[in-house]
file model-v2.txt (compact mmCIF, C-alpha atoms)
# COMPACT_ATOMS: atom_id res chain seq x y z
CA MET A 1 42.37 106.05 75.64
CA ALA A 2 40.12 104.63 78.26
CA LYS A 3 41.87 102.52 80.83
CA ILE A 4 40.45 99.27 81.93
CA TYR A 5 40.55 99.27 85.67
CA SER A 6 38.87 95.97 86.26
CA LYS A 7 41.34 93.50 87.66
CA LYS A 8 42.03 90.47 85.56
CA SER A 9 41.14 87.33 87.37
CA VAL A 10 44.21 85.65 88.79
CA ALA A 11 42.55 82.28 88.62
CA ASP A 12 43.48 80.07 85.75
CA SER A 13 40.42 78.04 84.85
CA ASN A 14 42.51 74.89 84.59
CA MET A 15 43.91 75.00 88.07
CA LYS A 16 43.83 71.75 89.94
CA PRO A 17 44.66 70.68 93.47
CA LYS A 18 48.08 69.23 94.20
CA LYS A 19 48.63 65.56 93.41
CA GLU A 20 49.46 65.01 97.08
CA THR A 21 46.04 66.33 98.08
CA ILE A 22 44.26 63.91 95.74
CA SER A 23 46.47 61.05 96.82
CA PHE A 24 45.79 61.86 100.48
CA LEU A 25 42.03 61.87 99.85
CA LEU A 26 42.07 58.53 98.06
CA ASN A 27 44.17 56.94 100.79
CA TYR A 28 41.99 58.50 103.47
CA SER A 29 38.92 57.08 101.78
CA LYS A 30 40.45 53.61 101.68
CA ALA A 31 41.42 53.79 105.33
CA LEU A 32 38.09 55.11 106.60
CA SER A 33 35.29 52.84 107.60
CA TYR A 34 32.30 52.97 109.90
CA LEU A 35 31.45 50.37 112.46
CA LYS A 36 28.09 50.00 114.10
CA VAL A 37 28.54 49.48 117.80
CA SER A 38 25.32 49.08 119.77
CA GLY A 39 23.37 51.41 117.49
CA LEU A 40 26.17 53.99 117.25
CA LYS A 41 28.28 54.67 114.17
CA VAL A 42 31.95 54.63 115.04
CA GLU A 43 34.57 56.03 112.71
CA VAL A 44 37.55 53.72 112.19
CA ILE A 45 40.76 54.73 110.46
CA ALA A 46 42.92 51.79 109.42
CA ASN A 47 46.62 52.52 109.61
CA MET B 48 34.27 53.33 70.17
CA THR B 49 31.92 55.54 72.10
CA ASN B 50 33.10 56.88 75.39
CA VAL B 51 30.07 56.72 77.67
CA GLN B 52 30.45 58.68 80.86
CA ILE B 53 29.14 56.98 83.95
CA PRO B 54 26.69 59.37 85.67
CA ASP B 55 27.72 60.89 89.02
CA ALA B 56 24.78 59.28 90.79
CA LEU B 57 25.94 55.80 89.73
CA LEU B 58 29.54 56.53 90.75
CA VAL B 59 28.28 57.70 94.15
CA LYS B 60 26.21 54.54 94.48
CA ASN B 61 29.17 52.34 93.52
CA TYR B 62 31.43 54.21 95.94
CA ILE B 63 28.97 53.72 98.80
CA ALA B 64 28.86 50.06 97.86
CA GLY B 65 32.64 49.86 98.30
CA ASP B 66 34.11 50.73 94.89
CA GLU B 67 36.99 53.07 95.84
CA LYS B 68 37.84 53.78 92.18
CA SER B 69 34.54 55.63 91.79
CA LEU B 70 35.73 58.29 94.20
CA GLY B 71 38.85 58.80 92.10
CA THR B 72 36.67 59.24 89.02
CA LEU B 73 34.40 61.73 90.79
CA ILE B 74 37.36 63.76 92.06
CA THR B 75 39.06 63.76 88.64
CA ARG B 76 35.82 64.78 86.95
CA HIS B 77 35.01 67.70 89.23
CA GLN B 78 38.34 68.78 90.77
CA SER B 79 38.84 71.73 88.39
CA ARG B 80 35.43 73.29 88.95
CA ILE B 81 35.53 72.86 92.71
CA TYR B 82 39.15 74.00 93.02
CA ASN B 83 38.59 77.07 90.83
CA PHE B 84 35.48 77.95 92.78
CA ILE B 85 37.44 77.87 96.06
CA PHE B 86 40.38 79.75 94.51
CA SER B 87 38.09 82.48 93.19
CA LYS B 88 37.10 83.22 96.80
CA ILE B 89 40.37 82.62 98.61
CA ASN B 90 43.20 83.47 96.17
CA ASP B 91 45.81 81.49 98.02
CA ARG B 92 46.85 78.14 96.61
CA ASP B 93 47.91 76.55 99.89
CA VAL B 94 44.73 77.55 101.72
CA CYS B 95 42.76 76.56 98.65
CA ASP B 96 44.28 73.05 98.78
CA ASP B 97 43.37 72.81 102.45
CA VAL B 98 39.76 73.80 101.81
CA PHE B 99 39.56 71.41 98.85
CA GLN B 100 40.87 68.61 101.04
CA ASP B 101 38.45 69.43 103.87
CA THR B 102 35.60 69.51 101.38
CA PHE B 103 36.30 65.99 100.18
CA ILE B 104 36.94 64.69 103.68
CA LYS B 105 33.39 65.81 104.44
CA VAL B 106 32.14 64.20 101.22
CA ILE B 107 33.90 60.91 102.03
CA LYS B 108 32.62 60.87 105.61
CA THR B 109 29.06 61.60 104.55
CA LEU B 110 29.05 58.97 101.82
CA LYS B 111 30.76 56.29 103.92
CA SER B 112 28.46 56.85 106.87
CA ASN B 113 25.43 56.50 104.58
CA SER B 114 24.24 60.00 105.45
CA TYR B 115 24.11 61.17 101.83
CA ASN B 116 20.75 62.31 100.60
CA GLU B 117 20.43 61.14 97.01
CA GLU B 118 17.76 63.70 96.19
CA GLY B 119 20.22 66.39 95.18
CA LYS B 120 22.91 66.28 92.51
CA PHE B 121 26.47 65.43 93.49
CA LEU B 122 28.35 68.49 92.17
CA PRO B 123 26.03 71.18 93.60
CA TRP B 124 26.16 69.35 96.92
CA VAL B 125 29.98 69.34 96.95
CA MET B 126 30.01 73.00 95.87
CA ARG B 127 27.75 73.83 98.81
CA ILE B 128 30.12 72.09 101.20
CA ALA B 129 33.07 73.98 99.67
CA HIS B 130 31.14 77.25 99.93
CA ASN B 131 30.41 76.65 103.63
CA LEU B 132 34.04 75.80 104.30
CA VAL B 133 35.15 78.99 102.52
CA ILE B 134 32.84 80.95 104.83
CA ASP B 135 34.28 79.09 107.84
CA HIS B 136 37.77 79.97 106.63
CA PHE B 137 36.95 83.70 106.47
CA ARG B 138 35.28 83.57 109.89
CA LYS B 139 38.37 81.95 111.36
CA ASN B 140 40.62 84.36 109.53
CA LYS B 141 38.70 87.32 110.92
CA LYS B 142 39.34 86.13 114.44
CA MET B 143 42.95 85.28 113.74
CA PRO B 144 44.13 86.90 110.49
CA MET B 145 46.87 85.16 108.59
CA LEU B 146 49.52 87.46 107.16
CA ARG B 147 52.15 86.52 104.67
CA GLU B 148 55.39 88.38 104.19
CA THR B 149 55.74 89.87 100.71
CA GLU B 150 58.21 92.26 99.08
CA GLU B 151 56.07 95.26 100.00
CA PHE B 152 54.91 94.04 103.36
CA SER B 153 57.09 93.02 106.23
CA ILE B 154 55.55 91.17 109.13
CA PHE B 155 57.81 93.16 111.49
CA SER B 156 56.07 96.38 110.50
CA ILE B 157 53.05 95.33 112.52
CA MET B 158 54.74 93.14 115.09
CA SER B 159 56.37 94.90 117.97
CA ASP B 160 57.88 93.93 121.25
CA ASP B 161 56.42 95.81 124.20
CA VAL B 162 59.56 95.39 126.26
CA PRO B 163 61.77 98.47 125.80
CA ASN B 164 65.13 97.73 124.26
CA ILE B 165 68.43 98.38 126.06
CA GLU B 166 68.81 101.82 124.48
CA LYS B 167 65.36 102.92 125.64
CA GLN B 168 65.97 101.47 129.11
CA MET B 169 69.24 103.44 129.38
CA ILE B 170 67.59 106.65 128.21
CA THR B 171 64.75 106.23 130.71
CA LEU B 172 67.23 105.59 133.52
CA GLN B 173 69.25 108.65 132.54
CA ILE B 174 66.14 110.84 132.44
CA GLU B 175 65.09 109.60 135.87
CA ASN B 176 68.55 110.32 137.28
CA ASP B 177 68.59 113.83 135.75
CA LEU B 178 65.14 114.54 137.10
CA GLN B 179 66.11 113.44 140.58
CA LYS B 180 69.11 115.77 140.51
CA LEU B 181 66.84 118.65 139.45
CA ILE B 182 64.37 117.85 142.22
CA GLN B 183 67.20 118.11 144.77
CA GLU B 184 67.72 121.71 143.64
CA LEU B 185 64.13 122.70 144.60
CA PRO B 186 63.34 124.56 147.84
CA GLU B 187 62.83 122.12 150.71
CA ASP B 188 59.03 122.61 151.13
CA GLN B 189 58.34 122.17 147.41
CA LYS B 190 60.66 119.19 147.13
CA GLN B 191 58.91 117.50 150.05
CA VAL B 192 55.43 117.87 148.52
CA LEU B 193 56.59 116.77 145.07
CA ILE B 194 58.32 113.63 146.40
CA MET B 195 55.32 112.72 148.55
CA ARG B 196 52.91 113.19 145.64
CA MET B 197 54.90 111.72 142.75
CA TYR B 198 57.14 109.10 144.34
CA GLN B 199 55.15 108.06 147.40
CA ASP B 200 51.79 108.46 145.61
CA LEU B 201 50.13 110.23 148.55
CA SER B 202 46.99 112.31 148.09
CA PHE B 203 47.09 116.04 148.84
CA LYS B 204 44.94 115.35 151.89
CA GLU B 205 47.52 112.90 153.23
CA ILE B 206 50.35 115.30 152.38
CA SER B 207 48.61 118.12 154.26
CA GLU B 208 48.12 115.85 157.28
CA GLN B 209 51.73 114.68 157.32
CA THR B 210 53.32 118.09 156.74
CA GLY B 211 50.88 120.03 158.92
CA VAL B 212 49.89 122.50 156.19
CA SER B 213 46.53 123.05 154.51
CA ILE B 214 45.59 121.21 151.32
CA ASN B 215 45.69 124.51 149.44
CA THR B 216 49.22 125.19 150.61
CA ALA B 217 50.29 121.69 149.57
CA LEU B 218 48.67 122.25 146.16
CA GLY B 219 50.42 125.61 145.85
CA ARG B 220 53.80 124.09 146.74
CA MET B 221 53.30 121.37 144.15
CA ARG B 222 52.42 123.98 141.54
CA TYR B 223 55.55 126.03 142.33
CA ALA B 224 57.69 122.88 142.39
CA LEU B 225 56.56 122.03 138.84
CA LEU B 226 56.96 125.63 137.63
CA ASN B 227 60.46 125.80 139.08
CA LEU B 228 61.40 122.45 137.56
CA ARG B 229 60.21 123.66 134.15
CA LYS B 230 62.21 126.87 134.55
CA VAL B 231 65.41 124.99 135.37
CA ILE B 232 64.82 122.59 132.47
CA ASP B 233 64.22 125.47 130.01
CA LYS B 234 67.12 127.52 131.35
CA ASN B 235 69.61 124.69 131.05
CA LYS B 236 68.04 123.36 127.83
CA ILE B 237 67.77 119.89 129.28
CA MET B 238 66.08 117.27 127.09
CA LEU B 239 63.80 115.08 129.16
CA ALA B 240 62.15 113.17 126.37
CA ASN B 241 62.44 109.50 125.61

call {"tool": "encode", "arguments": {"input": "model-v2.txt", "output": "structure tokens"}}
result
Amino acid sequence: MAKIYSKKSVADSNMKPKKETISFLLNYSKALSYLKVSGLKVEVIAN
Amino acid sequence: MTNVQIPDALLVKNYIAGDEKSLGTLITRHQSRIYNFIFSKINDRDVCDDVFQDTFIKVIKTLKSNSYNEEGKFLPWVMRIAHNLVIDHFRKNKKMPMLRETEEFSIFSIMSDDVPNIEKQMITLQIENDLQKLIQELPEDQKQVLIMRMYQDLSFKEISEQTGVSINTALGRMRYALLNLRKVIDKNKIMLAN
């Protein structure tokens, strides 16, 4: 019988990033803001 | 009740206007497609999470700094960022490959310490001592040339000047010194290998 040599994809189509990654991104987004200082955009991260 | 999905473009607009929840909605909506795209290229969950995170950090920075060009669609734009970061990852990895220890592969099989271990140091010392004893057994003129050449690193010209013989004679003495050493080594079955 013919063998199927093609490798089955390891990826599960429902894979998602870790909850911590999402939580980090949302917190990062809340903390990040841009200030305009004499025509320049300055990145500010609120602690 | 009909569940009307807010379009990406509106969520992006709301997010830029300060609605943080819109980002959550966008991430939830597209996380699977983006994550699976990255995983299909990288095949390592930890690295995949890092690339996913870097992708959205770039998205957040671009949107918050008002640098987002609304002409394109949101998902293809994020996918392009992810794609570029995957390429960056492979470029970096090529310069400094990351290896993980598995059952079949041990990191110590490719890592080695250049410094010889105690056993090797002792063997080398022993060989050097044995060789010096053998050299002492050589005829005086041969021994002199061999020591000057091998231990004092003199050229045959310098040896001929210092010993008062021609270069050819010095070369001949060196040749006989080596032949005699080999003979003694073979005769006594001495192992001089490390």

call {"tool": "closest_residue", "arguments": {"input": "model-v2.txt", "among": "A:Lys16, A:Lys36, A:Val42, A:Ala31", "to": "chain B", "atoms": "only C-alpha atoms"}}
result
A:Lys16

call {"tool": "interface_residues", "arguments": {"input": "model-v2.txt", "of": "chain B", "to": "chain A", "cutoff": "9 Å", "atoms": "all atoms listed in the file", "output": "PyMOL selection string"}}
result
chain B and resi 67-68+70-71+74-75+78-83+86-87+90+92+95-97+99-100+103-104+107-108+111-112

call {"tool": "atom_distance", "arguments": {"input": "model-v2.txt", "atom1": "CA of Val192 in chain B", "atom2": "CA of Asn227 in chain B"}}
result
13.3 Å

call {"tool": "closest_residue", "arguments": {"input": "model-v2.txt", "among": "B:Met126, B:Leu110, B:Lys120, B:Glu184", "to": "Gly65 in chain B", "atoms": "only C-alpha atoms"}}
result
B:Leu110

call {"tool": "atom_distance", "arguments": {"input": "model-v2.txt", "atom1": "CA of Glu151 in chain B", "atom2": "CA of Asp91 in chain B"}}
result
17.3 Å
